[in-house]
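Listing of target09.cif; format and content: mmCIF, C-alpha atoms and all ligand atoms.
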```cif
data_input
#
loop_
_atom_site.label_atom_id
_atom_site.label_comp_id
_atom_site.auth_asym_id
_atom_site.auth_seq_id
_atom_site.Cartn_x
_atom_site.Cartn_y
_atom_site.Cartn_z
CA MET A 1 126.19 -51.51 65.52
CA PHE A 2 128.69 -52.46 68.25
CA GLU A 3 130.28 -55.44 66.50
CA ARG A 4 133.67 -53.74 66.14
CA TYR A 5 133.71 -52.36 69.69
CA THR A 6 136.24 -53.61 72.21
CA GLU A 7 134.87 -54.96 75.45
CA LYS A 8 135.90 -51.75 77.17
CA ALA A 9 134.18 -49.57 74.58
CA ARG A 10 130.99 -51.60 74.97
CA ARG A 11 131.08 -51.05 78.68
CA VAL A 12 131.53 -47.32 78.05
CA ILE A 13 128.27 -47.36 76.09
CA PHE A 14 126.61 -49.47 78.76
CA PHE A 15 127.58 -46.97 81.47
CA ALA A 16 126.68 -43.98 79.28
CA ARG A 17 123.19 -45.44 79.11
CA TYR A 18 123.26 -45.89 82.89
CA GLU A 19 124.39 -42.27 83.45
CA ALA A 20 121.68 -40.92 81.15
CA SER A 21 118.97 -42.85 83.00
CA HIS A 22 120.43 -41.77 86.33
CA TYR A 23 120.06 -38.11 85.33
CA GLY A 24 116.59 -38.76 83.96
CA SER A 25 117.73 -37.74 80.47
CA SER A 26 115.48 -38.94 77.66
CA GLN A 27 118.52 -39.66 75.50
CA ILE A 28 122.16 -40.68 75.81
CA ASP A 29 124.14 -37.52 75.20
CA THR A 30 127.82 -36.73 74.65
CA GLU A 31 128.47 -35.97 78.32
CA HIS A 32 127.03 -39.37 79.27
CA LEU A 33 129.47 -40.99 76.86
CA PHE A 34 132.26 -39.09 78.58
CA LEU A 35 131.03 -40.18 82.03
CA GLY A 36 131.05 -43.74 80.68
CA LEU A 37 134.67 -43.22 79.64
CA LEU A 38 135.54 -41.92 83.10
CA ARG A 39 134.14 -45.08 84.68
CA GLU A 40 135.64 -47.59 82.34
CA ALA A 41 138.71 -46.04 80.76
CA SER A 42 140.36 -43.83 83.35
CA ASN A 43 143.58 -43.94 81.29
CA ILE A 44 142.02 -41.18 79.17
CA LEU A 45 142.75 -38.81 82.08
CA ALA A 46 146.32 -38.66 80.79
CA TRP A 47 144.87 -36.57 77.94
CA THR A 48 143.05 -34.11 80.22
CA PRO A 49 145.88 -32.91 82.49
CA GLY A 50 144.08 -29.69 83.45
CA LEU A 51 141.25 -31.25 85.43
CA THR A 52 140.98 -34.27 87.74
CA ALA A 53 138.34 -36.98 87.35
CA ASP A 54 136.36 -35.52 90.25
CA GLU A 55 136.49 -32.02 88.78
CA LEU A 56 135.38 -33.27 85.36
CA ARG A 57 132.53 -35.23 86.89
CA LYS A 58 131.45 -32.31 89.04
CA ARG A 59 131.42 -29.92 86.09
CA ILE A 60 129.06 -32.22 84.23
CA ASP A 61 126.95 -32.84 87.32
CA ASP A 62 126.59 -29.10 87.99
CA ARG A 63 125.37 -28.52 84.49
CA SER A 64 122.98 -31.49 84.29
CA LEU A 65 119.29 -31.32 84.97
CA HIS A 66 118.60 -33.78 87.75
CA LEU A 67 115.29 -35.23 86.63
CA THR A 68 113.49 -38.31 87.91
CA PRO A 69 115.74 -41.27 87.13
CA ILE A 70 114.48 -43.45 84.31
CA PRO A 71 114.24 -47.19 85.07
CA PRO A 72 117.17 -49.09 83.56
CA ASN A 73 114.87 -51.22 81.45
CA VAL A 74 113.79 -48.24 79.34
CA ASP A 75 115.79 -48.16 76.14
CA LEU A 76 117.23 -44.67 75.61
CA PRO A 77 118.17 -43.43 72.14
CA LEU A 78 121.48 -41.76 71.34
CA SER A 79 121.22 -37.99 70.92
CA PRO A 80 122.27 -36.60 67.51
CA GLY A 81 125.52 -35.42 69.16
CA ALA A 82 126.24 -38.87 70.63
CA GLN A 83 125.52 -40.48 67.26
CA GLN A 84 128.02 -38.09 65.73
CA VAL A 85 130.60 -39.08 68.38
CA LEU A 86 130.22 -42.77 67.51
CA LYS A 87 130.40 -42.03 63.82
CA TYR A 88 133.63 -40.10 64.36
CA ALA A 89 134.92 -42.91 66.59
CA ALA A 90 134.48 -45.35 63.70
CA ASP A 91 136.10 -42.88 61.27
CA ASN A 92 139.02 -42.45 63.67
CA ALA A 93 139.57 -46.19 63.94
CA ASN A 94 139.46 -46.48 60.14
CA GLU A 95 141.90 -43.63 59.59
CA LEU A 96 144.30 -45.12 62.11
CA ALA A 97 143.84 -48.54 60.48
CA HIS A 98 142.70 -49.98 63.81
CA LYS A 99 140.54 -53.02 63.44
CA TYR A 100 138.62 -52.37 66.64
CA ILE A 101 136.82 -49.32 67.95
CA GLY A 102 138.09 -48.61 71.45
CA SER A 103 137.52 -46.06 74.16
CA GLU A 104 140.35 -43.92 72.72
CA HIS A 105 138.43 -43.52 69.45
CA ILE A 106 135.30 -42.53 71.38
CA PHE A 107 137.32 -39.95 73.31
CA LEU A 108 138.59 -38.45 70.04
CA GLY A 109 135.04 -38.51 68.72
CA ILE A 110 133.82 -36.40 71.64
CA LEU A 111 136.62 -33.90 71.03
CA GLN A 112 135.54 -33.57 67.41
CA VAL A 113 131.89 -32.69 68.09
CA ARG A 114 132.88 -29.14 68.88
CA ASP A 115 129.57 -27.58 69.79
CA CYS A 116 128.86 -29.89 72.73
CA PHE A 117 129.63 -29.22 76.38
CA ALA A 118 131.65 -32.43 76.82
CA SER A 119 133.95 -31.43 73.97
CA GLN A 120 134.41 -27.91 75.33
CA LEU A 121 135.19 -29.34 78.75
CA LEU A 122 137.84 -31.68 77.35
CA HIS A 123 139.46 -28.89 75.37
CA GLU A 124 139.46 -26.76 78.50
CA ALA A 125 141.12 -29.63 80.39
CA GLY A 126 143.93 -29.56 77.86
CA ALA A 127 143.00 -32.36 75.48
CA ASP A 128 144.93 -31.93 72.25
CA GLU A 129 143.44 -33.75 69.29
CA THR A 130 146.56 -33.61 67.11
CA LYS A 131 148.85 -34.97 69.82
CA ILE A 132 146.46 -37.78 70.73
CA ARG A 133 146.13 -38.75 67.09
CA GLU A 134 149.93 -38.85 66.70
CA GLN A 135 150.22 -40.94 69.82
CA LEU A 136 147.56 -43.39 68.68
CA ALA A 137 149.11 -43.71 65.24
CA THR A 138 152.26 -45.16 66.80
CA GLN A 139 150.58 -47.77 68.94
CA VAL A 140 148.24 -50.64 68.39
CA SER A 141 144.62 -50.27 69.31
CA GLU A 142 143.50 -50.79 72.91
CA THR A 143 144.86 -54.00 74.35
CA ILE A 144 142.56 -56.85 73.62
CA SER A 145 142.48 -59.64 76.17
CA PRO A 146 142.25 -63.26 75.02
CA PHE A 147 138.72 -63.33 76.45
CA GLU A 148 137.82 -60.27 74.50
CA ARG A 149 139.41 -61.52 71.31
CA GLN A 150 137.27 -64.60 71.61
CA ALA A 151 134.18 -62.55 72.39
CA ASN A 152 134.78 -60.32 69.40
CA TYR A 153 135.51 -63.30 67.22
CA ARG A 154 132.22 -64.78 68.26
CA THR A 155 130.32 -61.58 67.69
CA ILE A 156 131.86 -60.98 64.31
CA ARG A 157 131.87 -64.54 63.00
CA GLY A 158 128.87 -65.88 64.82
CA THR A 159 126.56 -64.06 62.50
CA ALA A 160 122.99 -64.18 63.66
CA PRO A 161 120.38 -66.03 61.65
CA ALA A 162 118.88 -63.93 58.90
CA GLY A 163 115.79 -61.93 59.74
CA PRO A 164 114.30 -60.87 63.05
CA ILE A 165 114.21 -63.07 66.14
CA GLU A 166 110.89 -64.08 67.63
CA ILE A 167 110.59 -63.72 71.41
CA HIS A 168 107.24 -64.57 72.99
CA GLY A 169 105.98 -64.82 69.43
CA ILE A 170 106.83 -61.18 68.73
CA ARG A 171 109.45 -60.22 66.15
CA ARG A 172 112.42 -58.33 67.57
CA LYS A 173 115.40 -56.74 65.87
CA THR A 174 118.21 -59.28 65.85
CA GLU A 175 120.81 -56.54 66.22
CA HIS A 176 119.21 -55.17 69.39
CA VAL A 177 118.90 -58.61 70.98
CA ARG A 178 122.48 -59.48 70.08
CA ASP A 179 123.85 -56.20 71.48
CA MET A 180 121.93 -56.55 74.73
CA ALA A 181 122.91 -60.21 75.09
CA SER A 182 126.60 -59.51 74.49
CA MET A 183 126.54 -56.62 76.94
CA LEU A 184 124.91 -58.78 79.61
CA ARG A 185 127.23 -61.71 78.94
CA MET A 186 130.24 -59.49 79.61
CA TYR A 187 129.34 -59.65 83.27
CA ASP A 188 129.62 -62.98 84.95
CA TRP A 189 126.37 -62.59 86.86
CA TYR A 190 124.65 -65.35 88.71
CA TRP A 191 121.11 -65.50 87.33
CA ARG A 192 118.56 -67.03 89.67
CA ARG A 193 115.22 -68.30 88.43
CA GLU A 194 112.65 -66.71 90.67
CA LYS A 195 109.02 -65.78 91.06
CA TRP A 196 108.60 -62.05 90.54
CA LYS A 197 107.47 -60.28 93.72
CA PRO A 198 106.59 -56.65 94.36
CA GLN A 199 109.23 -54.62 96.14
CA ASP A 200 109.08 -52.02 98.88
CA ILE A 201 109.87 -48.47 97.86
CA VAL A 202 109.99 -44.98 99.28
CA VAL A 203 108.40 -42.02 97.51
CA SER A 204 109.44 -38.40 97.90
CA HIS A 205 106.56 -36.25 99.20
CA LYS A 206 107.75 -33.27 97.25
CA THR A 207 108.68 -34.63 93.84
CA GLY A 208 107.04 -38.05 93.67
CA GLN A 209 110.44 -39.57 92.89
CA VAL A 210 110.80 -43.23 93.75
CA SER A 211 113.72 -45.06 95.34
CA PHE A 212 114.46 -48.63 96.40
CA GLU A 213 116.60 -47.26 99.22
CA VAL A 214 113.98 -48.01 101.83
CA GLY A 215 116.28 -46.71 104.59
CA LEU A 216 115.22 -43.24 103.43
CA LYS A 217 111.90 -43.81 105.22
CA ASP A 218 113.70 -42.66 108.38
CA ASP A 219 113.64 -39.22 106.77
CA ALA A 220 109.87 -39.12 107.27
CA GLU A 221 109.70 -35.43 106.54
CA ASN A 222 110.66 -36.09 102.92
CA PHE A 223 109.82 -39.70 102.20
CA VAL A 224 106.90 -42.05 102.64
CA PHE A 225 107.38 -45.82 102.75
CA VAL A 226 105.18 -47.82 100.38
CA SER A 227 105.08 -51.54 101.12
CA ASN A 228 105.08 -53.58 97.86
CA GLY A 229 104.86 -50.29 95.98
CA TRP A 230 106.92 -51.47 92.98
CA LYS A 231 104.52 -53.59 90.99
CA ARG A 232 106.21 -54.49 87.74
CA ASP A 233 109.50 -54.85 85.91
CA HIS A 234 110.39 -55.42 82.31
CA CYS A 235 112.77 -57.90 80.77
CA LEU A 236 115.87 -55.87 79.93
CA VAL A 237 116.21 -57.57 76.55
CA CYS A 238 112.66 -57.80 75.17
CA ARG A 239 110.64 -55.68 77.65
CA TRP A 240 108.30 -58.54 78.47
CA GLU A 241 106.32 -57.46 81.52
CA LEU A 242 107.02 -59.19 84.81
CA PHE A 243 104.54 -58.89 87.63
CA GLU A 244 102.96 -61.07 90.31
CA ALA A 245 101.16 -63.79 88.35
CA ASP A 246 100.96 -67.55 87.96
CA ASP A 247 101.78 -67.57 84.27
CA GLU A 248 104.94 -66.71 82.31
CA HIS A 249 104.73 -63.08 83.45
CA GLY A 250 105.21 -64.16 87.04
CA ILE A 251 108.61 -65.83 86.75
CA GLY A 252 111.98 -64.74 85.42
CA TYR A 253 115.68 -64.63 86.12
CA THR A 254 117.31 -61.97 88.26
CA ASN A 255 120.75 -61.02 89.55
CA GLY A 256 119.04 -59.06 92.31
CA ARG A 257 118.83 -55.84 90.30
CA ILE A 258 117.95 -56.63 86.72
CA TRP A 259 115.18 -58.93 85.53
CA LEU A 260 115.09 -61.03 82.41
CA CYS A 261 112.19 -63.07 81.11
CA LEU A 262 112.61 -66.87 81.02
CA GLU A 263 112.89 -66.97 77.28
CA CYS A 264 115.58 -64.29 76.90
CA CYS A 265 117.69 -65.57 79.78
CA GLU A 266 117.56 -69.21 78.74
CA ARG A 267 118.03 -68.58 75.02
CA PHE A 268 120.52 -65.71 74.92
CA ILE A 269 122.31 -65.45 78.28
CA LEU A 270 122.64 -68.93 79.77
CA ARG A 271 123.49 -70.25 76.32
CA ASP A 272 125.38 -68.34 73.67
CA TYR A 273 122.67 -68.34 71.05
CA PHE A 274 124.63 -66.20 68.61
CA ALA A 275 127.81 -68.27 68.76
CA SER A 276 126.14 -71.66 68.80
CA SER A 277 124.41 -70.90 65.51
CA HIS A 278 127.81 -71.73 63.97
CA SER A 279 129.02 -75.22 64.74
CA ASP A 280 132.66 -74.36 63.93
CA ILE A 281 132.88 -72.02 66.91
CA THR A 282 133.10 -73.47 70.37
ZN ZN B 301 112.83 -61.10 77.43
#
```

Can I see the file as structure tokens?
Ligand SMILES: [Zn+2]
Amino acid sequence: MFERYTEKARRVIFFARYEASHYGSSQIDTEHLFLGLLREASNILAWTPGLTADELRKRIDDRSLHLTPIPPNVDLPLSPGAQQVLKYAADNANELAHKYIGSEHIFLGILQVRDCFASQLLHEAGADETKIREQLATQVSETISPFERQANYRTIRGTAPAGPIEIHGIRRKTEHVRDMASMLRMYDWYWRREKWKPQDIVVSHKTGQVSFEVGLKDDAENFVFVSNGWKRDHCLVCRWELFEADDEHGIGYTNGRIWLCLECCERFILRDYFASSHSDIT
């Protein structure tokens, strides 16, 4: 579904997902999309003159439930409101005859979903839908870097093979794999092939919440240190389980934070599977 998205807009979605998991939300909501915009497209602050970035962030933070963070490898769905935002974003790009969907279209989309907190906050901060629309109508869509143009070209033209993709012999949705792969490929991470090992964690006495910030063990009143307490991860693309083992579950690729299974990393990240399926694209 993100084929038409600019690189920046894709990162907005990526960070919205991150924000939702950080707050322990079971779905990506409109305010997470806005927090994603704040991280990746701070130019939108020109449209919210009434509140600073810190004030906007704090208002959302104050209103959010702070639940146990959800591991980043859990795929979160978009809330109905967030789906509406992305639908409006596409409509906005179409109406403005913009080929790509950028962060500016997502911003407008949030404004249009009137019964959500993020939209009310933006209106309160002075965002004016009519003015923004007029402004966007006179300029070309978000600047697209040569890298991005190429990436988009690949994504659009490098159509995936028909039907689902098999990973570890299990059929997966091609669209999901392609979206995850293109998101991961946006970052120039160094992926190291490594044996999976358990990690030390600290656990909060009171809430049972877990953190990798083992330095918190110094706060012994609140945290207990658990040596090798983190016993498994999942491949971010296909959710293949990684744990201490001598078979294919015991080895993967990592950038130090995220894990990928051998198959996903070697097929989709280290090589551009989706582009190389078309020999005319190099
Ligand atoms: Zn995988």

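Residue nearest ligand ZN 301 (chain B), chosen from A:Leu242, A:Leu51, A:Ala118, A:Met186 and counting only C-alpha atoms and all ligand atoms: A:Leu242.
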
A:Cys238 surroundings by only C-alpha atoms, 8 Å radius, close-in-sequence under 5 positions cut, as a VMD selection string: chain A and resid 167 172 177 261 264

Selection within 8 Å of ligand ZN 301 (chain B) by only C-alpha atoms and all ligand atoms, output as an NGL selection string: :A and (167-168 or 234-240 or 260-265)

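Atom CA of A:Glu241 lies 16.5 Å from atom CA of A:Glu266.
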
Selection near A:Glu213, 9 Å with all atoms listed in the file, sequence-local residues under 2 positions removed, as a PyMOL selection string: chain A and resi 200-202+210-211+215-217

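Using only C-alpha atoms, the protein and nucleic acid residues lying no more than 6 Å from stretch 3-9 of chain A, apart from those fewer than 4 places from it along its own chain, are Tyr100, Ile101, Gly102 and Ser103 of chain A.
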
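Minimum atom-to-atom distance to A:Gln83, evaluated using all atoms listed in the file, belongs to A:Ile13 out of A:Leu35, A:Leu65, A:Ala137, A:Ile13.
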
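The space separating atom CA of A:Arg57 from atom CA of A:Phe34 comes to 9.2 Å.
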
Please enclose the listed atoms of stretch 133-138 of chain A in an axis-aligned box, pad each side by 5 Å, and write out the centre and the three edge lengths in Å, rounded to one decimal, as lines of an AutoDock Vina configuration file.
```
center_x = 149.2
center_y = -42.0
center_z = 67.5
size_x = 16.1
size_y = 16.4
size_z = 14.6
```

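Atom pair atom CA of A:Trp47 / atom CA of A:Gln135 has a distance of 10.7 Å (rounded to one decimal).
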
Closest of A:Gly24, A:Pro49, A:Gly208, A:Pro198 to A:Ala125 - atom-to-atom distances counting only C-alpha atoms: A:Pro49

Close residues, A:Pro69 itself excluded, 10 Å, only C-alpha atoms, min 3 positions apart in chain, as a PyMOL selection string: chain A and resi 18-26+66+72+209-211

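In terms of minimum interatomic distance to A:Cys116, A:Leu33 ranks closest within A:Ile251, A:Glu194, A:Leu33, A:Val214, counting only C-alpha atoms.
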
Expected residue set, 12 Å radius at (132.8, -33.0, 69.0), only C-alpha atoms, as JSON, numbers by chain: {"A": [29, 30, 31, 33, 34, 80, 81, 82, 83, 84, 85, 86, 87, 88, 89, 105, 106, 107, 108, 109, 110, 111, 112, 113, 114, 115, 116, 117, 118, 119, 120, 121, 122, 123, 129]}

Any chance you could model N, CA and C atoms for stretch 206-227 of chain A and send them as a PDB file, in the coordinates of the input?
```pdb
ATOM      1  N   LYS A 206     107.693 -34.510  98.030  1.00  0.00           N
ATOM      2  CA  LYS A 206     107.750 -33.270  97.250  1.00  0.00           C
ATOM      3  C   LYS A 206     107.695 -33.532  95.748  1.00  0.00           C
ATOM      4  N   THR A 207     108.519 -34.478  95.290  1.00  0.00           N
ATOM      5  CA  THR A 207     108.680 -34.630  93.840  1.00  0.00           C
ATOM      6  C   THR A 207     108.015 -35.883  93.291  1.00  0.00           C
ATOM      7  N   GLY A 208     107.620 -36.801  94.173  1.00  0.00           N
ATOM      8  CA  GLY A 208     107.040 -38.050  93.670  1.00  0.00           C
ATOM      9  C   GLY A 208     108.100 -39.029  93.187  1.00  0.00           C
ATOM     10  N   GLN A 209     109.384 -38.676  93.344  1.00  0.00           N
ATOM     11  CA  GLN A 209     110.440 -39.570  92.890  1.00  0.00           C
ATOM     12  C   GLN A 209     110.457 -40.836  93.754  1.00  0.00           C
ATOM     13  N   VAL A 210     110.843 -41.927  93.095  1.00  0.00           N
ATOM     14  CA  VAL A 210     110.800 -43.230  93.750  1.00  0.00           C
ATOM     15  C   VAL A 210     112.206 -43.754  93.975  1.00  0.00           C
ATOM     16  N   SER A 211     112.419 -44.437  95.096  1.00  0.00           N
ATOM     17  CA  SER A 211     113.720 -45.060  95.340  1.00  0.00           C
ATOM     18  C   SER A 211     113.529 -46.400  96.014  1.00  0.00           C
ATOM     19  N   PHE A 212     114.468 -47.333  95.714  1.00  0.00           N
ATOM     20  CA  PHE A 212     114.460 -48.630  96.400  1.00  0.00           C
ATOM     21  C   PHE A 212     115.238 -48.562  97.710  1.00  0.00           C
ATOM     22  N   GLU A 213     115.838 -47.414  97.980  1.00  0.00           N
ATOM     23  CA  GLU A 213     116.600 -47.260  99.220  1.00  0.00           C
ATOM     24  C   GLU A 213     115.618 -47.030 100.363  1.00  0.00           C
ATOM     25  N   VAL A 214     115.073 -48.136 100.865  1.00  0.00           N
ATOM     26  CA  VAL A 214     113.980 -48.010 101.830  1.00  0.00           C
ATOM     27  C   VAL A 214     114.442 -47.380 103.147  1.00  0.00           C
ATOM     28  N   GLY A 215     115.751 -47.364 103.389  1.00  0.00           N
ATOM     29  CA  GLY A 215     116.280 -46.710 104.590  1.00  0.00           C
ATOM     30  C   GLY A 215     115.903 -45.235 104.638  1.00  0.00           C
ATOM     31  N   LEU A 216     115.589 -44.661 103.487  1.00  0.00           N
ATOM     32  CA  LEU A 216     115.220 -43.240 103.430  1.00  0.00           C
ATOM     33  C   LEU A 216     113.916 -42.956 104.181  1.00  0.00           C
ATOM     34  N   LYS A 217     113.180 -44.024 104.505  1.00  0.00           N
ATOM     35  CA  LYS A 217     111.900 -43.810 105.220  1.00  0.00           C
ATOM     36  C   LYS A 217     112.143 -43.152 106.581  1.00  0.00           C
ATOM     37  N   ASP A 218     113.377 -43.306 107.104  1.00  0.00           N
ATOM     38  CA  ASP A 218     113.700 -42.660 108.380  1.00  0.00           C
ATOM     39  C   ASP A 218     113.600 -41.140 108.261  1.00  0.00           C
ATOM     40  N   ASP A 219     113.782 -40.655 107.040  1.00  0.00           N
ATOM     41  CA  ASP A 219     113.640 -39.220 106.770  1.00  0.00           C
ATOM     42  C   ASP A 219     112.165 -38.966 106.442  1.00  0.00           C
ATOM     43  N   ALA A 220     111.321 -39.121 107.483  1.00  0.00           N
ATOM     44  CA  ALA A 220     109.870 -39.120 107.270  1.00  0.00           C
ATOM     45  C   ALA A 220     109.344 -37.773 106.775  1.00  0.00           C
ATOM     46  N   GLU A 221     110.126 -36.751 106.995  1.00  0.00           N
ATOM     47  CA  GLU A 221     109.700 -35.430 106.540  1.00  0.00           C
ATOM     48  C   GLU A 221     109.654 -35.380 105.008  1.00  0.00           C
ATOM     49  N   ASN A 222     110.559 -36.133 104.378  1.00  0.00           N
ATOM     50  CA  ASN A 222     110.660 -36.090 102.920  1.00  0.00           C
ATOM     51  C   ASN A 222     110.148 -37.334 102.202  1.00  0.00           C
ATOM     52  N   PHE A 223     110.157 -38.470 102.898  1.00  0.00           N
ATOM     53  CA  PHE A 223     109.820 -39.700 102.200  1.00  0.00           C
ATOM     54  C   PHE A 223     108.703 -40.479 102.894  1.00  0.00           C
ATOM     55  N   VAL A 224     107.905 -41.165 102.082  1.00  0.00           N
ATOM     56  CA  VAL A 224     106.900 -42.050 102.640  1.00  0.00           C
ATOM     57  C   VAL A 224     107.204 -43.470 102.150  1.00  0.00           C
ATOM     58  N   PHE A 225     107.096 -44.420 103.052  1.00  0.00           N
ATOM     59  CA  PHE A 225     107.380 -45.820 102.750  1.00  0.00           C
ATOM     60  C   PHE A 225     106.131 -46.452 102.123  1.00  0.00           C
ATOM     61  N   VAL A 226     106.323 -47.141 101.007  1.00  0.00           N
ATOM     62  CA  VAL A 226     105.180 -47.820 100.380  1.00  0.00           C
ATOM     63  C   VAL A 226     105.506 -49.313 100.285  1.00  0.00           C
ATOM     64  N   SER A 227     104.851 -50.095 101.131  1.00  0.00           N
ATOM     65  CA  SER A 227     105.080 -51.540 101.120  1.00  0.00           C
ATOM     66  C   SER A 227     104.577 -52.127  99.801  1.00  0.00           C
TER      67      SER A 227
END
```
